[in-house]
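A.B. asks: The file below is data-v1.txt, compact mmCIF, C-alpha atoms and all ligand atoms:
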```txt
# COMPACT_ATOMS: atom_id res chain seq x y z
CA MET A 202 -5.89 20.83 -27.95
CA ASP A 203 -3.62 19.84 -25.10
CA VAL A 204 0.15 20.14 -25.36
CA ILE A 205 0.90 16.43 -25.63
CA LYS A 206 -1.70 15.82 -28.35
CA LYS A 207 -0.41 18.77 -30.35
CA ASP A 208 3.20 17.63 -29.97
CA LEU A 209 2.32 14.09 -31.03
CA LYS A 210 0.58 15.43 -34.11
CA GLU A 211 3.68 17.46 -34.98
CA LEU A 212 5.95 14.47 -34.39
CA LYS A 213 3.77 12.16 -36.48
CA LYS A 214 3.81 14.66 -39.32
CA ARG A 215 7.61 14.85 -39.22
CA LEU A 216 7.93 11.05 -39.24
CA ASP A 217 5.40 10.64 -42.05
CA LYS A 218 7.30 13.20 -44.10
CA ALA A 219 10.53 11.25 -43.62
CA GLY A 220 8.80 7.94 -44.49
CA ILE A 221 9.42 6.57 -41.00
CA SER A 222 6.75 4.09 -39.95
CA PHE A 223 6.68 1.26 -37.42
CA GLU A 224 3.27 -0.01 -38.53
CA ASP A 225 2.69 -3.66 -37.57
CA LYS A 226 6.11 -3.94 -35.90
CA ILE A 227 6.10 -5.65 -32.52
CA VAL A 228 8.00 -3.33 -30.24
CA LEU A 229 9.10 -3.93 -26.65
CA ILE A 230 9.75 -0.77 -24.63
CA THR A 231 11.29 -1.15 -21.19
CA GLY A 232 10.68 1.85 -18.96
CA GLY A 233 7.59 2.35 -21.11
CA ALA A 234 5.74 4.21 -18.33
CA GLY A 235 8.62 6.63 -17.79
CA PHE A 236 9.19 10.03 -19.36
CA LEU A 237 10.80 9.05 -22.68
CA GLY A 238 9.30 5.54 -22.70
CA SER A 239 5.75 6.85 -22.56
CA TRP A 240 6.39 9.23 -25.46
CA LEU A 241 7.71 6.26 -27.44
CA CYS A 242 4.55 4.30 -26.53
CA ASP A 243 2.35 7.20 -27.65
CA ILE A 244 3.88 7.67 -31.05
CA LEU A 245 4.31 3.97 -31.79
CA VAL A 246 0.71 3.17 -30.80
CA GLU A 247 -0.33 6.07 -33.02
CA GLN A 248 1.66 4.56 -35.89
CA ASN A 249 -0.13 1.21 -35.39
CA ALA A 250 2.83 -0.69 -34.06
CA LYS A 251 2.08 -3.46 -31.54
CA VAL A 252 3.51 -2.09 -28.33
CA LEU A 253 4.63 -4.17 -25.36
CA CYS A 254 5.24 -1.69 -22.57
CA LEU A 255 7.26 -3.05 -19.66
CA ASP A 256 7.76 -1.11 -16.43
CA ASN A 257 8.04 -1.81 -12.70
CA LEU A 258 6.22 1.47 -11.96
CA LEU A 259 8.78 2.60 -9.39
CA SER A 260 9.71 5.82 -11.14
CA GLY A 261 7.45 5.33 -14.17
CA LYS A 262 3.78 6.08 -13.70
CA LEU A 263 0.62 4.28 -14.83
CA GLU A 264 -0.83 7.74 -15.38
CA ASN A 265 1.58 8.18 -18.34
CA ILE A 266 0.16 5.19 -20.25
CA LYS A 267 -3.33 4.68 -18.89
CA HIS A 268 -4.91 6.09 -22.06
CA HIS A 269 -3.55 3.05 -23.96
CA LEU A 270 -4.55 0.29 -21.56
CA ASN A 271 -7.69 -0.75 -23.43
CA LYS A 272 -6.18 -0.59 -26.87
CA GLU A 273 -5.81 -3.71 -28.91
CA ASN A 274 -2.24 -2.86 -30.01
CA PHE A 275 -0.97 -2.12 -26.48
CA THR A 276 0.03 -4.53 -23.72
CA PHE A 277 1.33 -3.52 -20.33
CA ILE A 278 3.71 -5.86 -18.49
CA GLU A 279 4.49 -4.90 -14.90
CA HIS A 280 7.98 -6.26 -14.31
CA ASP A 281 11.42 -5.32 -13.01
CA ILE A 282 13.72 -5.80 -16.01
CA SER A 283 16.74 -6.60 -13.84
CA LYS A 284 14.98 -9.97 -13.28
CA PRO A 285 14.62 -12.53 -16.08
CA ILE A 286 11.42 -12.59 -18.12
CA ASP A 287 10.39 -14.74 -21.02
CA ILE A 288 8.78 -12.87 -23.90
CA ASP A 289 7.13 -15.53 -26.05
CA LYS A 290 5.58 -13.21 -28.55
CA LYS A 291 7.87 -12.50 -31.49
CA VAL A 292 9.52 -9.12 -31.01
CA ASP A 293 10.88 -7.03 -33.90
CA ILE A 294 12.43 -4.10 -32.03
CA ILE A 295 13.49 -3.53 -28.43
CA PHE A 296 13.98 -0.13 -26.81
CA HIS A 297 15.73 -0.58 -23.45
CA PHE A 298 14.81 2.65 -21.69
CA ALA A 299 14.30 1.47 -18.10
CA SER A 300 16.42 3.34 -15.57
CA ARG A 301 16.07 6.16 -13.13
CA ALA A 302 18.03 9.08 -14.55
CA SER A 303 17.77 11.84 -12.00
CA PRO A 304 21.03 12.71 -10.18
CA LEU A 305 19.03 13.33 -7.03
CA GLU A 306 18.16 9.63 -6.99
CA PHE A 307 21.71 8.40 -7.42
CA ASP A 308 22.39 8.29 -3.69
CA LYS A 309 19.02 6.75 -2.88
CA PHE A 310 18.69 3.97 -5.48
CA PRO A 311 22.24 3.26 -6.76
CA ILE A 312 21.83 -0.53 -6.76
CA GLN A 313 18.53 -0.48 -8.68
CA ILE A 314 20.10 1.89 -11.23
CA LEU A 315 23.15 -0.37 -11.63
CA LYS A 316 20.94 -3.43 -12.05
CA ALA A 317 18.61 -1.84 -14.63
CA ASN A 318 21.53 -0.82 -16.85
CA THR A 319 23.68 -3.92 -16.48
CA LEU A 320 21.46 -6.95 -15.71
CA GLY A 321 18.52 -5.27 -17.48
CA THR A 322 20.63 -4.72 -20.57
CA TRP A 323 21.89 -8.29 -20.51
CA ILE A 324 18.34 -9.67 -20.11
CA THR A 325 16.89 -7.53 -22.90
CA LEU A 326 19.81 -8.38 -25.18
CA GLY A 327 18.97 -12.03 -24.53
CA ILE A 328 15.39 -11.37 -25.67
CA ALA A 329 16.73 -9.58 -28.75
CA LYS A 330 19.00 -12.53 -29.54
CA LYS A 331 16.16 -15.04 -29.21
CA HIS A 332 13.92 -13.11 -31.64
CA ARG A 333 16.73 -11.61 -33.75
CA ALA A 334 15.18 -8.25 -32.87
CA ARG A 335 16.75 -4.88 -33.53
CA TYR A 336 18.00 -3.41 -30.24
CA ILE A 337 18.13 0.25 -29.20
CA PHE A 338 19.91 1.11 -25.97
CA ALA A 339 19.17 4.36 -24.16
CA SER A 340 22.63 5.55 -23.22
CA THR A 341 23.48 9.01 -22.03
CA SER A 342 25.75 12.01 -22.21
CA GLU A 343 26.79 10.87 -18.72
CA VAL A 344 29.12 8.32 -20.31
CA TYR A 345 31.34 11.33 -21.07
CA GLY A 346 31.40 12.35 -17.38
CA ASP A 347 32.97 15.77 -16.87
CA ALA A 348 33.90 16.05 -20.55
CA GLN A 349 37.11 17.82 -21.46
CA VAL A 350 36.09 18.12 -25.10
CA ILE A 351 33.14 20.44 -25.85
CA PRO A 352 31.15 19.97 -28.05
CA THR A 353 31.61 16.28 -27.33
CA PRO A 354 31.78 13.81 -30.24
CA GLU A 355 30.94 10.10 -29.96
CA SER A 356 34.66 9.32 -30.26
CA TYR A 357 35.42 10.96 -26.89
CA ASN A 358 36.05 8.22 -24.33
CA GLY A 359 34.93 10.08 -21.25
CA ASN A 360 36.17 11.42 -17.96
CA VAL A 361 34.17 9.53 -15.36
CA ASN A 362 34.68 8.99 -11.64
CA PRO A 363 33.65 5.37 -10.98
CA LEU A 364 33.72 5.88 -7.21
CA GLY A 365 31.67 9.06 -7.10
CA ILE A 366 27.98 9.56 -6.46
CA ARG A 367 27.17 9.54 -10.18
CA GLY A 368 29.21 6.36 -10.77
CA CYS A 369 26.14 4.09 -10.41
CA TYR A 370 24.57 5.74 -13.43
CA ASP A 371 27.58 6.69 -15.57
CA GLU A 372 29.40 3.40 -15.16
CA SER A 373 26.31 1.22 -15.53
CA LYS A 374 25.43 2.99 -18.78
CA ARG A 375 29.03 2.48 -19.91
CA CYS A 376 28.78 -1.20 -18.97
CA GLY A 377 25.43 -1.35 -20.80
CA GLU A 378 27.13 -0.01 -23.92
CA ALA A 379 29.84 -2.65 -23.59
CA PHE A 380 27.15 -5.37 -23.30
CA VAL A 381 25.46 -4.04 -26.43
CA MET A 382 28.70 -4.03 -28.42
CA ALA A 383 29.53 -7.54 -27.18
CA TYR A 384 26.19 -8.90 -28.44
CA HIS A 385 26.65 -6.98 -31.66
CA ARG A 386 30.09 -8.51 -32.23
CA GLN A 387 29.63 -11.99 -30.81
CA HIS A 388 26.06 -12.66 -31.97
CA SER A 389 25.84 -10.26 -34.95
CA LEU A 390 22.88 -8.56 -33.33
CA ASP A 391 21.53 -5.40 -34.99
CA THR A 392 22.15 -2.86 -32.21
CA ARG A 393 22.09 0.92 -31.97
CA ILE A 394 23.17 3.07 -29.03
CA VAL A 395 21.64 6.49 -28.53
CA ARG A 396 23.48 8.88 -26.20
CA ILE A 397 20.68 11.06 -24.91
CA PHE A 398 21.44 14.58 -23.68
CA ASN A 399 19.29 16.52 -21.21
CA THR A 400 15.74 16.19 -22.50
CA TYR A 401 12.72 18.02 -21.12
CA GLY A 402 9.02 18.39 -21.76
CA PRO A 403 5.59 17.28 -20.58
CA ARG A 404 5.48 14.29 -18.17
CA MET A 405 8.86 14.95 -16.57
CA ARG A 406 8.54 14.31 -12.89
CA ALA A 407 8.46 17.45 -10.82
CA GLU A 408 7.96 15.92 -7.40
CA GLY A 409 10.08 17.91 -5.01
CA TYR A 410 13.36 16.24 -4.36
CA TYR A 411 13.52 13.96 -7.38
CA GLY A 412 12.92 16.29 -10.30
CA ARG A 413 15.46 17.29 -12.87
CA VAL A 414 16.34 20.91 -13.27
CA VAL A 415 13.67 21.98 -15.79
CA PRO A 416 10.59 20.59 -13.98
CA ARG A 417 12.00 21.69 -10.63
CA PHE A 418 12.53 25.27 -11.76
CA ILE A 419 9.12 25.39 -13.47
CA SER A 420 7.24 24.11 -10.43
CA GLN A 421 9.21 26.43 -8.15
CA ALA A 422 8.48 29.40 -10.43
CA LEU A 423 4.79 28.56 -10.76
CA SER A 424 4.41 28.48 -6.98
CA ASN A 425 6.48 31.68 -6.58
CA LYS A 426 9.09 29.87 -4.51
CA PRO A 427 12.82 30.60 -4.92
CA LEU A 428 14.55 28.71 -7.74
CA THR A 429 17.26 26.49 -6.26
CA VAL A 430 20.35 27.07 -8.37
CA PHE A 431 23.22 24.73 -7.47
CA GLY A 432 26.69 26.29 -7.36
CA THR A 433 27.02 29.61 -9.15
CA GLY A 434 24.81 28.44 -12.03
CA GLU A 435 27.72 28.92 -14.44
CA GLN A 436 27.64 25.20 -15.30
CA THR A 437 26.00 24.44 -18.63
CA ARG A 438 23.63 21.88 -20.12
CA SER A 439 22.15 21.60 -23.61
CA PHE A 440 18.41 21.04 -23.45
CA THR A 441 16.45 19.09 -26.06
CA TYR A 442 12.67 19.28 -26.29
CA VAL A 443 11.10 15.84 -26.00
CA ILE A 444 9.66 15.49 -29.53
CA ASP A 445 12.99 16.46 -31.07
CA GLU A 446 14.68 13.78 -28.96
CA ILE A 447 12.08 11.12 -29.79
CA GLU A 448 12.33 11.93 -33.49
CA GLY A 449 16.12 11.42 -33.38
CA ILE A 450 15.74 8.14 -31.50
CA LEU A 451 13.17 6.84 -33.99
CA ARG A 452 15.33 7.82 -36.94
CA LEU A 453 18.18 5.82 -35.39
CA ALA A 454 15.84 2.88 -34.79
CA PHE A 455 14.29 2.92 -38.25
CA PHE A 456 16.93 3.22 -40.92
CA ASP A 457 18.74 0.12 -42.17
CA ASN A 458 22.53 -0.15 -42.19
CA LEU A 459 23.01 1.50 -38.80
CA SER A 460 23.82 -1.68 -36.91
CA GLY A 461 26.58 -1.16 -34.33
CA GLU A 462 26.30 2.65 -34.44
CA VAL A 463 26.40 5.01 -31.49
CA VAL A 464 24.92 8.47 -31.97
CA ASN A 465 24.56 11.60 -29.80
CA ILE A 466 21.01 12.92 -29.88
CA GLY A 467 20.85 16.29 -28.18
CA ASN A 468 20.69 19.99 -28.67
CA ASN A 469 23.95 21.72 -29.57
CA GLU A 470 22.93 25.01 -27.95
CA GLU A 471 24.61 25.30 -24.57
CA THR A 472 22.80 27.10 -21.74
CA LYS A 473 24.05 28.22 -18.32
CA ILE A 474 21.84 27.02 -15.47
CA ILE A 475 21.56 30.57 -14.13
CA ASP A 476 20.27 31.71 -17.54
CA LEU A 477 17.78 28.85 -17.56
CA ALA A 478 16.52 29.97 -14.14
CA ASN A 479 16.07 33.56 -15.27
CA LEU A 480 14.36 32.50 -18.50
CA ILE A 481 11.87 30.32 -16.60
CA ILE A 482 11.12 33.17 -14.18
CA LYS A 483 10.47 35.44 -17.16
CA LEU A 484 8.30 32.96 -19.06
CA THR A 485 6.14 32.18 -16.02
CA ASN A 486 5.84 35.85 -14.94
CA SER A 487 6.91 34.62 -11.55
CA SER A 488 7.82 36.69 -8.53
CA SER A 489 10.36 34.00 -7.50
CA GLY A 490 13.91 34.94 -6.66
CA ILE A 491 16.99 32.75 -6.94
CA GLU A 492 18.51 30.85 -4.04
CA PHE A 493 22.04 29.45 -4.34
CA HIS A 494 22.78 25.97 -2.96
CA PRO A 495 26.01 23.97 -2.87
CA LEU A 496 26.97 22.32 -6.16
CA PRO A 497 26.52 18.51 -5.94
CA LYS A 498 29.74 16.53 -6.14
CA ASP A 499 30.97 15.59 -9.65
CA ASP A 500 28.34 17.81 -11.30
CA PRO A 501 29.72 18.15 -14.87
CA ARG A 502 30.80 21.74 -15.61
CA ARG A 503 29.80 21.80 -19.23
CA ARG A 504 27.73 19.56 -21.45
CA CYS A 505 27.10 19.99 -25.13
CA PRO A 506 26.97 17.37 -27.88
CA ASP A 507 28.70 17.39 -31.22
CA ILE A 508 25.75 16.32 -33.37
CA SER A 509 27.47 16.17 -36.73
CA LYS A 510 27.10 12.37 -36.80
CA ALA A 511 23.32 12.58 -36.22
CA VAL A 512 23.03 15.20 -38.95
CA LYS A 513 25.00 13.09 -41.41
CA LEU A 514 23.69 9.59 -40.59
CA LEU A 515 20.10 10.38 -39.65
CA GLY A 516 19.37 13.71 -41.30
CA TRP A 517 18.36 14.90 -37.83
CA LYS A 518 18.86 18.06 -35.86
CA PRO A 519 16.74 19.66 -33.14
CA THR A 520 14.31 22.29 -34.33
CA ILE A 521 12.56 23.53 -31.18
CA LYS A 522 14.33 26.43 -29.46
CA LEU A 523 14.67 26.41 -25.68
CA GLU A 524 12.23 29.27 -25.19
CA GLU A 525 9.55 27.60 -27.32
CA GLY A 526 10.02 24.20 -25.63
CA LEU A 527 9.85 25.81 -22.20
CA LYS A 528 6.63 27.60 -23.13
CA ARG A 529 5.04 24.29 -24.10
CA THR A 530 6.33 22.59 -20.93
CA ILE A 531 5.09 25.42 -18.72
CA LYS A 532 1.67 25.25 -20.38
CA TRP A 533 1.51 21.51 -19.67
CA PHE A 534 2.58 22.00 -16.04
CA LYS A 535 -0.14 24.61 -15.59
CA SER A 536 -2.80 22.30 -16.97
CA SER A 537 -1.78 19.13 -15.14
N1 LIG B 601 20.42 21.98 -10.85
C1 LIG B 601 20.20 23.15 -10.16
N2 LIG B 601 19.13 23.22 -9.32
C2 LIG B 601 18.23 22.19 -9.17
C3 LIG B 601 18.46 20.99 -9.89
C4 LIG B 601 19.58 20.92 -10.73
O1 LIG B 601 20.97 24.13 -10.27
O2 LIG B 601 17.28 22.34 -8.41
C5 LIG B 601 21.58 21.91 -11.76
C6 LIG B 601 22.48 20.71 -11.52
O3 LIG B 601 23.45 20.99 -10.54
C7 LIG B 601 23.08 20.52 -12.90
C8 LIG B 601 21.98 20.98 -13.86
O4 LIG B 601 21.10 21.77 -13.07
O5 LIG B 601 24.21 21.33 -13.06
C9 LIG B 601 21.20 19.84 -14.51
O6 LIG B 601 20.75 19.01 -13.49
P1 LIG B 601 19.78 17.76 -13.73
O7 LIG B 601 19.49 17.18 -12.38
O8 LIG B 601 18.62 18.15 -14.52
O9 LIG B 601 20.61 16.70 -14.61
P2 LIG B 601 22.15 16.43 -14.99
O10 LIG B 601 22.36 17.12 -16.27
O11 LIG B 601 23.05 16.95 -13.91
O12 LIG B 601 22.22 14.97 -15.13
```
Let's see the structure in the file written out as structure tokens.

C.D. replies:
Amino acid sequence: MDVIKKDLKELKKRLDKAGISFEDKIVLITGGAGFLGSWLCDILVEQNAKVLCLDNLLSGKLENIKHHLNKENFTFIEHDISKPIDIDKKVDIIFHFASRASPLEFDKFPIQILKANTLGTWITLGIAKKHRARYIFASTSEVYGDAQVIPTPESYNGNVNPLGIRGCYDESKRCGEAFVMAYHRQHSLDTRIVRIFNTYGPRMRAEGYYGRVVPRFISQALSNKPLTVFGTGEQTRSFTYVIDEIEGILRLAFFDNLSGEVVNIGNNEETKIIDLANLIIKLTNSSSGIEFHPLPKDDPRRRCPDISKAVKLLGWKPTIKLEEGLKRTIKWFKSS
């Protein structure tokens, strides 16, 4: 069985066990053809929700959702969510997940990123208001910037450079959060904000320049090319395997009485980038060496979530260790 099918089976089992079902719910997913969006589509289609998948296919790929296109409970809408759209069909839940998220794209598409997270958030909140739909906003650990408090709790207000290269992403996600809270307060909308930490797994884009660190290192290792470590590699990230992340997001979306909440969903095991590089070389049996490149500006030095709120509110914590998640991801990369 291929990696994605096996992972979906595992995820479905976990959700069933927790009594989490979106059966018959009408769910709008923006960025539905992207990495996380397509995993949401997969599991929600599987659970017999009625999925409206919206994407402009600029960074998302049709390939990620093409297996659903003929299904009766799946509709694809090709649209740029920073432009108005009228959704007539009654919607129960909205996941606003449309935005490029790779730092290597921040200097190339800053305006599109700003628009997706500000105008796109405003437009989707308008749709939520019209249908009185529950609203889940994909926020990010980037709202904390170069955090001075590690592990970082939701109460930390951040240390962000609005003028820097990452400002288009960090500040637009922060603005998105402010939009969400405004609609929650002013229109009593049922909203939930998920702060997503570095997530990896099958379907992450590996294409050369644009990939995030995990798919880049894996594709470099598999082709026996040097792994491009930025800086000394002493900087840290905390990596969450995709089905752990999706499970946390769906728990936040499902339970009642979470309106207005913001929750970190990420792994609380911190990893140095140099250690990640060496682990990937080992797991792929690669002959690659390591090549050091300059550290991009404003690259956060450490990142690790405090997940005590997720544990308490959602009964969630990640279960897949980095080595196991990397093995699955490497297997998928080899077969795709
Ligand atoms: N990184 C790296 N080599 C690469 C790509 C990224 O050393 O080829 C580093 C990057 O500088 C950062 C970390 O890996 O410290 C995670 O980068 P990513 O682009 O995945 O996302 P970020 O967490 O910075 O948003």

A.B. asks: From the options A:Leu229, A:Leu527, A:Ile294, A:Val512, which residue's atoms come nearest to Ile481 (chain A), counting only C-alpha atoms?

C.D. replies: A:Leu527

A.B. asks: Which residue, A:Ile288, A:Leu477, A:Arg396, A:Glu273, has the smallest gap to Pro354 (chain A) when you use only C-alpha atoms?

C.D. replies: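 Using only C-alpha atoms, the shortest distance to Pro354 (chain A) belongs to A:Arg396.
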
A.B. asks: Given the choices A:Asp476, A:Asp256, A:Asp347, A:Asp308, which gets closest to Lys284 (chain A) if the distance is worked out from all atoms listed in the file?

C.D. replies: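 Ranking A:Asp476, A:Asp256, A:Asp347, A:Asp308 by distance to Lys284 (chain A), first place goes to A:Asp256.
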
A.B. asks: Skip Glu306 (chain A) itself and residues of its chain fewer than 3 positions away, then list as a list of chain:residue names all residues within 10 Å of it, counting all atoms listed in the file.

C.D. replies: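 Near neighbours after the sequence-gap exclusion: A:Arg301, A:Ala302, A:Ser303, A:Lys309, A:Phe310, A:Pro311, A:Ile314, A:Ile366, A:Arg367, A:Tyr370, A:Tyr410, A:Tyr411, A:Gly412.
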
A.B. asks: Enter the distance from atom O2 of ligand LIG 601 (chain B) to CA of Ile230 (chain A), in Å, rounded to one decimal.

C.D. replies: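 Atom O2 of ligand LIG 601 (chain B) sits 29.2 Å away from CA of Ile230 (chain A).
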